[in-house]
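Inspection log for the structure reproduced underneath, given as structure tokens.
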Amino acid sequence: MKKMYLFLTVLTALAIAITACAPATPVATEPPAPTAVPPTAVPPTATEAPPAIGSPEHPIKVLFVPSVDVDFMISSGDLIAQALNEATGYTFEVSVPTSYAATIEEMCASPEDTIGFIPALGYVIANQLCGVEPGLAAERRGWNVYWTGFYVARDSQYQTLEDLAGAKWAYPDAGSTSGYLYPASIFADLGITTGETIEAGGHPQSILAVYNGQADVATAYYSPPLYKEGKWAMGDDPDVAADAVESCAANADGELWCGDTRVLDARAAVVKDAPDIIQKVRILALSKEIPNDTMSFSPDFPDDLKQAIIEAVTQFVSLDNESCAQSLCNENFYSWTAVGPIADENFDGVRILVAQQGITLENLGK
């Protein structure tokens with residue numbers, strides 16, 4: 001019994017010793033919190049200012065409607081851009097859009113940087129569409145108005161506008177005030193329905209359509225003749241005197257003279273291609289007076305630039321200025337000889353015609 005007791009005592013002591021020598025069970029601990037690192041400050045990205053309007057990187061757009069000799073307009077456009085640059089320090093980019101409507105659309109699409117040389121109809125539509133504003137109006141040898149001329153073959157039987165019922169009509173462009181708006185209104189007022197119509201693409205092309213027998217009547221701009229003595233007055237015969245017709249020819253400078261009378265209407269623009277234009281085409285009638293074409297600004301054009309450009313164009317437009325004589329003042333361009341102020345209300349009469357005919361940019365010419 002003592003031996004058994006001793007054995008159990010020894011066994012218990014041995015178990016205690018083994019337990020004491022075993023490695024301790026590790027106690028789970030939380031991992032240390034990561035050390036917070038302050039964020040690195042990111043410097044703000046510099047926003048580059050857009051190029052200033054009128055700088056070489058952002059030139060001012062100058063648009064001319066394609067009413068006359070487009071090739072001449074394009075080739076002489078650089079003279080206008082250069083002259084305005086020298087006068088203002090701004091950079092200009094001249095272009096001739098494909099139509100009157102395209103000119104209006106581009107002015108509205110570029111509201112901050114565009115100048116348009118547009119006629120009264122184009123101005124009224126552009127003003128209604130996006131708020132285009134007038135800057136200057138043209139003068140031609142003292143006239144601040146012009147007219148629609150109805151041109152027919154000299155040997156035709158047409159004697160009155162009423163005789164044109166059923167006639168084939170050539171007009172420059174549906175956006176032309178003198179070439180389309182006024183004659184269309186006159187035809188409507190007189191109850192005249194013309195025959196086939198031809199959108200010729202410009203005033204000279206309309207005249208040539210009659211000259212070449214492609215149309216019976218053309219409508220195009222009319223500017224009064226220049227006499228060596230005296231001055232044409234409203235109510236005078238718009239055409240060359242009958243006894244001077246056979247003498248009509250271009251001089252060495254390309255000017256169309258009939259004795260002592262210089263022709264300045266749309267026929268003068270085609271004398272190079274049709275030297276006998278006066279002998280072949282006569283004026284049947286004129287419309288009422290039409291406000292001259294304009295230099296207008298896109299709706300958000302900066303006021304300070306606007307005033308500088310108005311002053312520069314006023315100085316530029318003169319027959320004594322050789323650059324203007326070879327561009328804007330030239331008969332193959334717009335024949336401007338001076339400019340004057342113009343206000344929006346000056347176009348109220350044109351607005352009435354536009355409203356009467358329901359003309360919009362979308363249905364122009366339709």
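Chain identifiers are assigned as A, B, and so on, following the order in which chains appear in the structure tokens; residues are numbered from 1 within each chain, and ligands are numbered from 1 in order of appearance.
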
Need to verify the contact set: Ala81 (chain A), 7 Å, only C-alpha atoms, exclusion of same-chain residues closer than 5 positions in sequence. Can you return it as a VMD selection string?
chain A and resid 92 to 94

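Those residues that approach region 318-333 of chain A to within 6 Å, counting only C-alpha atoms, are Asp69, Met73, Ser76, Ala269 and Ala338 of chain A; same-chain residues fewer than 5 positions away are not listed.
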
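Using only C-alpha atoms, the residues found no farther than 8 Å from region 97-113 of chain A, other than those of its own chain fewer than 4 positions away, are Ile53, Gly54, Pro59, Ile60, Lys61, Leu63, Phe64, Val65, Pro66, Ile118, Gly122, Ile125, Ala126, Leu129, Cys130, Val132, Asp173, Ala174, Gly175, Ser176, Phe297, Ser298, Pro299, Asp300, Phe301, Pro302, Leu361 and Leu364 of chain A.
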
Shell around region 151-166 of chain A at 9 Å using only C-alpha atoms, local window under 5 positions removed, as a list in words:
Phe187, Leu190, Gly191, Ile192, Thr193, Thr194, Gly195, Glu196, Ile207, Val210, Tyr211, Gly213, Ala215, Asp216, Val217, Ala218, Thr219, Ala220, Ile278, Gln279, Lys280, Val281, Arg282, Ile283, Leu284 and Ala285 of chain A

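Restricting the calculation to only C-alpha atoms, the smallest distance between Ile115 (chain A) and any of A:Ala188, A:Ala268, A:Leu136, A:Glu57 is found for A:Leu136.
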
Running DSSP on the backbone, which parts of region 82-115 of chain A land in strand (DSSP E), as a count of residues only?
6

Could you pull out the alpha helix (DSSP H) residues of region 121-341 of chain A, going by DSSP on the backbone, and write them as number ranges by chain?
A: 121-130, 182-190, 203-211, 277-280, 303-316, 322-325

Just want the 8 Å neighbourhood of Thr261 (chain A), counted on only C-alpha atoms, with same-chain residues fewer than 3 positions away dropped. Output as a PDB file with N, CA, C and O atoms, in the first residue's frame.
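Generated output (out30.pdb):
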ATOM      1  N   PRO A 225     -26.880 105.852-112.358  1.00  0.00           N
ATOM      2  CA  PRO A 225     -25.720 106.160-113.189  1.00  0.00           C
ATOM      3  C   PRO A 225     -25.002 107.415-112.685  1.00  0.00           C
ATOM      4  O   PRO A 225     -25.556 108.212-111.916  1.00  0.00           O
ATOM      5  N   LEU A 226     -23.789 107.559-113.141  1.00  0.00           N
ATOM      6  CA  LEU A 226     -22.986 108.725-112.786  1.00  0.00           C
ATOM      7  C   LEU A 226     -22.820 109.569-114.045  1.00  0.00           C
ATOM      8  O   LEU A 226     -22.376 109.076-115.082  1.00  0.00           O
ATOM      9  N   TYR A 227     -23.220 110.832-113.966  1.00  0.00           N
ATOM     10  CA  TYR A 227     -23.117 111.737-115.108  1.00  0.00           C
ATOM     11  C   TYR A 227     -21.897 112.643-114.958  1.00  0.00           C
ATOM     12  O   TYR A 227     -21.525 113.027-113.845  1.00  0.00           O
ATOM     13  N   LYS A 228     -21.308 112.985-116.083  1.00  0.00           N
ATOM     14  CA  LYS A 228     -20.210 113.954-116.029  1.00  0.00           C
ATOM     15  C   LYS A 228     -20.723 115.318-115.585  1.00  0.00           C
ATOM     16  O   LYS A 228     -20.002 116.098-114.952  1.00  0.00           O
ATOM     17  N   VAL A 240     -30.027 103.825-119.773  1.00  0.00           N
ATOM     18  CA  VAL A 240     -29.222 104.683-120.633  1.00  0.00           C
ATOM     19  C   VAL A 240     -30.127 105.303-121.699  1.00  0.00           C
ATOM     20  O   VAL A 240     -31.069 104.659-122.191  1.00  0.00           O
ATOM     21  N   TRP A 257     -19.061 102.931-119.837  1.00  0.00           N
ATOM     22  CA  TRP A 257     -19.505 104.279-120.169  1.00  0.00           C
ATOM     23  C   TRP A 257     -20.374 104.251-121.416  1.00  0.00           C
ATOM     24  O   TRP A 257     -20.138 103.490-122.351  1.00  0.00           O
ATOM     25  N   CYS A 258     -21.375 105.118-121.394  1.00  0.00           N
ATOM     26  CA  CYS A 258     -22.243 105.338-122.553  1.00  0.00           C
ATOM     27  C   CYS A 258     -22.235 106.843-122.813  1.00  0.00           C
ATOM     28  O   CYS A 258     -23.020 107.592-122.211  1.00  0.00           O
TER      29      CYS A 258
END

Which is closer to Ser67 (chain A) than all the others in A:Gly131, A:Pro51, A:Pro119, A:Gly202, using only C-alpha atoms?
A:Gly202

Please identify all polymer residues within 9 Å of Leu286 (chain A), counting only C-alpha atoms, omitting same-chain residues fewer than 2 positions from it, and present them as a PyMOL selection string.
chain A and resi 147-150+222+238+283-284+288-289

Would you output that residue set with N, CA, C and O atoms, as an mmCIF file, in the first residue's frame?
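Resulting contents of out.cif:
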data_model
loop_
_atom_site.group_PDB
_atom_site.id
_atom_site.type_symbol
_atom_site.label_atom_id
_atom_site.label_comp_id
_atom_site.auth_asym_id
_atom_site.auth_seq_id
_atom_site.Cartn_x
_atom_site.Cartn_y
_atom_site.Cartn_z
ATOM 1 N N TRP A 147 -31.992 100.021 -105.274
ATOM 2 C CA TRP A 147 -33.261 99.553 -105.823
ATOM 3 C C TRP A 147 -33.091 98.159 -106.416
ATOM 4 O O TRP A 147 -31.975 97.712 -106.713
ATOM 5 N N THR A 148 -34.223 97.488 -106.623
ATOM 6 C CA THR A 148 -34.255 96.301 -107.465
ATOM 7 C C THR A 148 -34.430 96.767 -108.910
ATOM 8 O O THR A 148 -35.332 97.576 -109.206
ATOM 9 N N GLY A 149 -33.579 96.254 -109.793
ATOM 10 C CA GLY A 149 -33.796 96.468 -111.211
ATOM 11 C C GLY A 149 -34.394 95.212 -111.822
ATOM 12 O O GLY A 149 -33.966 94.102 -111.512
ATOM 13 N N PHE A 150 -35.402 95.398 -112.676
ATOM 14 C CA PHE A 150 -35.969 94.288 -113.443
ATOM 15 C C PHE A 150 -35.357 94.378 -114.841
ATOM 16 O O PHE A 150 -35.637 95.329 -115.591
ATOM 17 N N TYR A 222 -29.806 97.751 -108.413
ATOM 18 C CA TYR A 222 -29.704 98.919 -109.291
ATOM 19 C C TYR A 222 -29.107 100.061 -108.500
ATOM 20 O O TYR A 222 -29.629 100.461 -107.447
ATOM 21 N N PRO A 238 -34.341 105.138 -115.500
ATOM 22 C CA PRO A 238 -33.214 104.412 -114.898
ATOM 23 C C PRO A 238 -32.195 103.903 -115.916
ATOM 24 O O PRO A 238 -31.064 103.570 -115.540
ATOM 25 N N ILE A 283 -33.400 97.889 -118.803
ATOM 26 C CA ILE A 283 -34.106 97.941 -117.520
ATOM 27 C C ILE A 283 -35.587 98.176 -117.789
ATOM 28 O O ILE A 283 -35.970 99.155 -118.431
ATOM 29 N N LEU A 284 -36.413 97.279 -117.278
ATOM 30 C CA LEU A 284 -37.858 97.388 -117.446
ATOM 31 C C LEU A 284 -38.475 98.283 -116.380
ATOM 32 O O LEU A 284 -39.352 99.113 -116.675
ATOM 33 N N LYS A 288 -39.280 100.170 -105.179
ATOM 34 C CA LYS A 288 -39.105 101.280 -104.245
ATOM 35 C C LYS A 288 -37.700 101.206 -103.648
ATOM 36 O O LYS A 288 -36.986 100.210 -103.798
ATOM 37 N N GLU A 289 -37.319 102.270 -102.940
ATOM 38 C CA GLU A 289 -35.982 102.310 -102.348
ATOM 39 C C GLU A 289 -35.807 101.211 -101.295
ATOM 40 O O GLU A 289 -36.746 100.857 -100.591
#

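Note that the spacing between CA of Ile310 (chain A) and CA of Ile290 (chain A) amounts to 22.4 Å.
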
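The interatomic distance for the pair CA of Ala241 (chain A) and CA of Val263 (chain A) works out to 11.2 Å.
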
What's the separation between CA of Leu84 (chain A) and CA of Pro56 (chain A), in Å to one decimal place?
13.5 Å
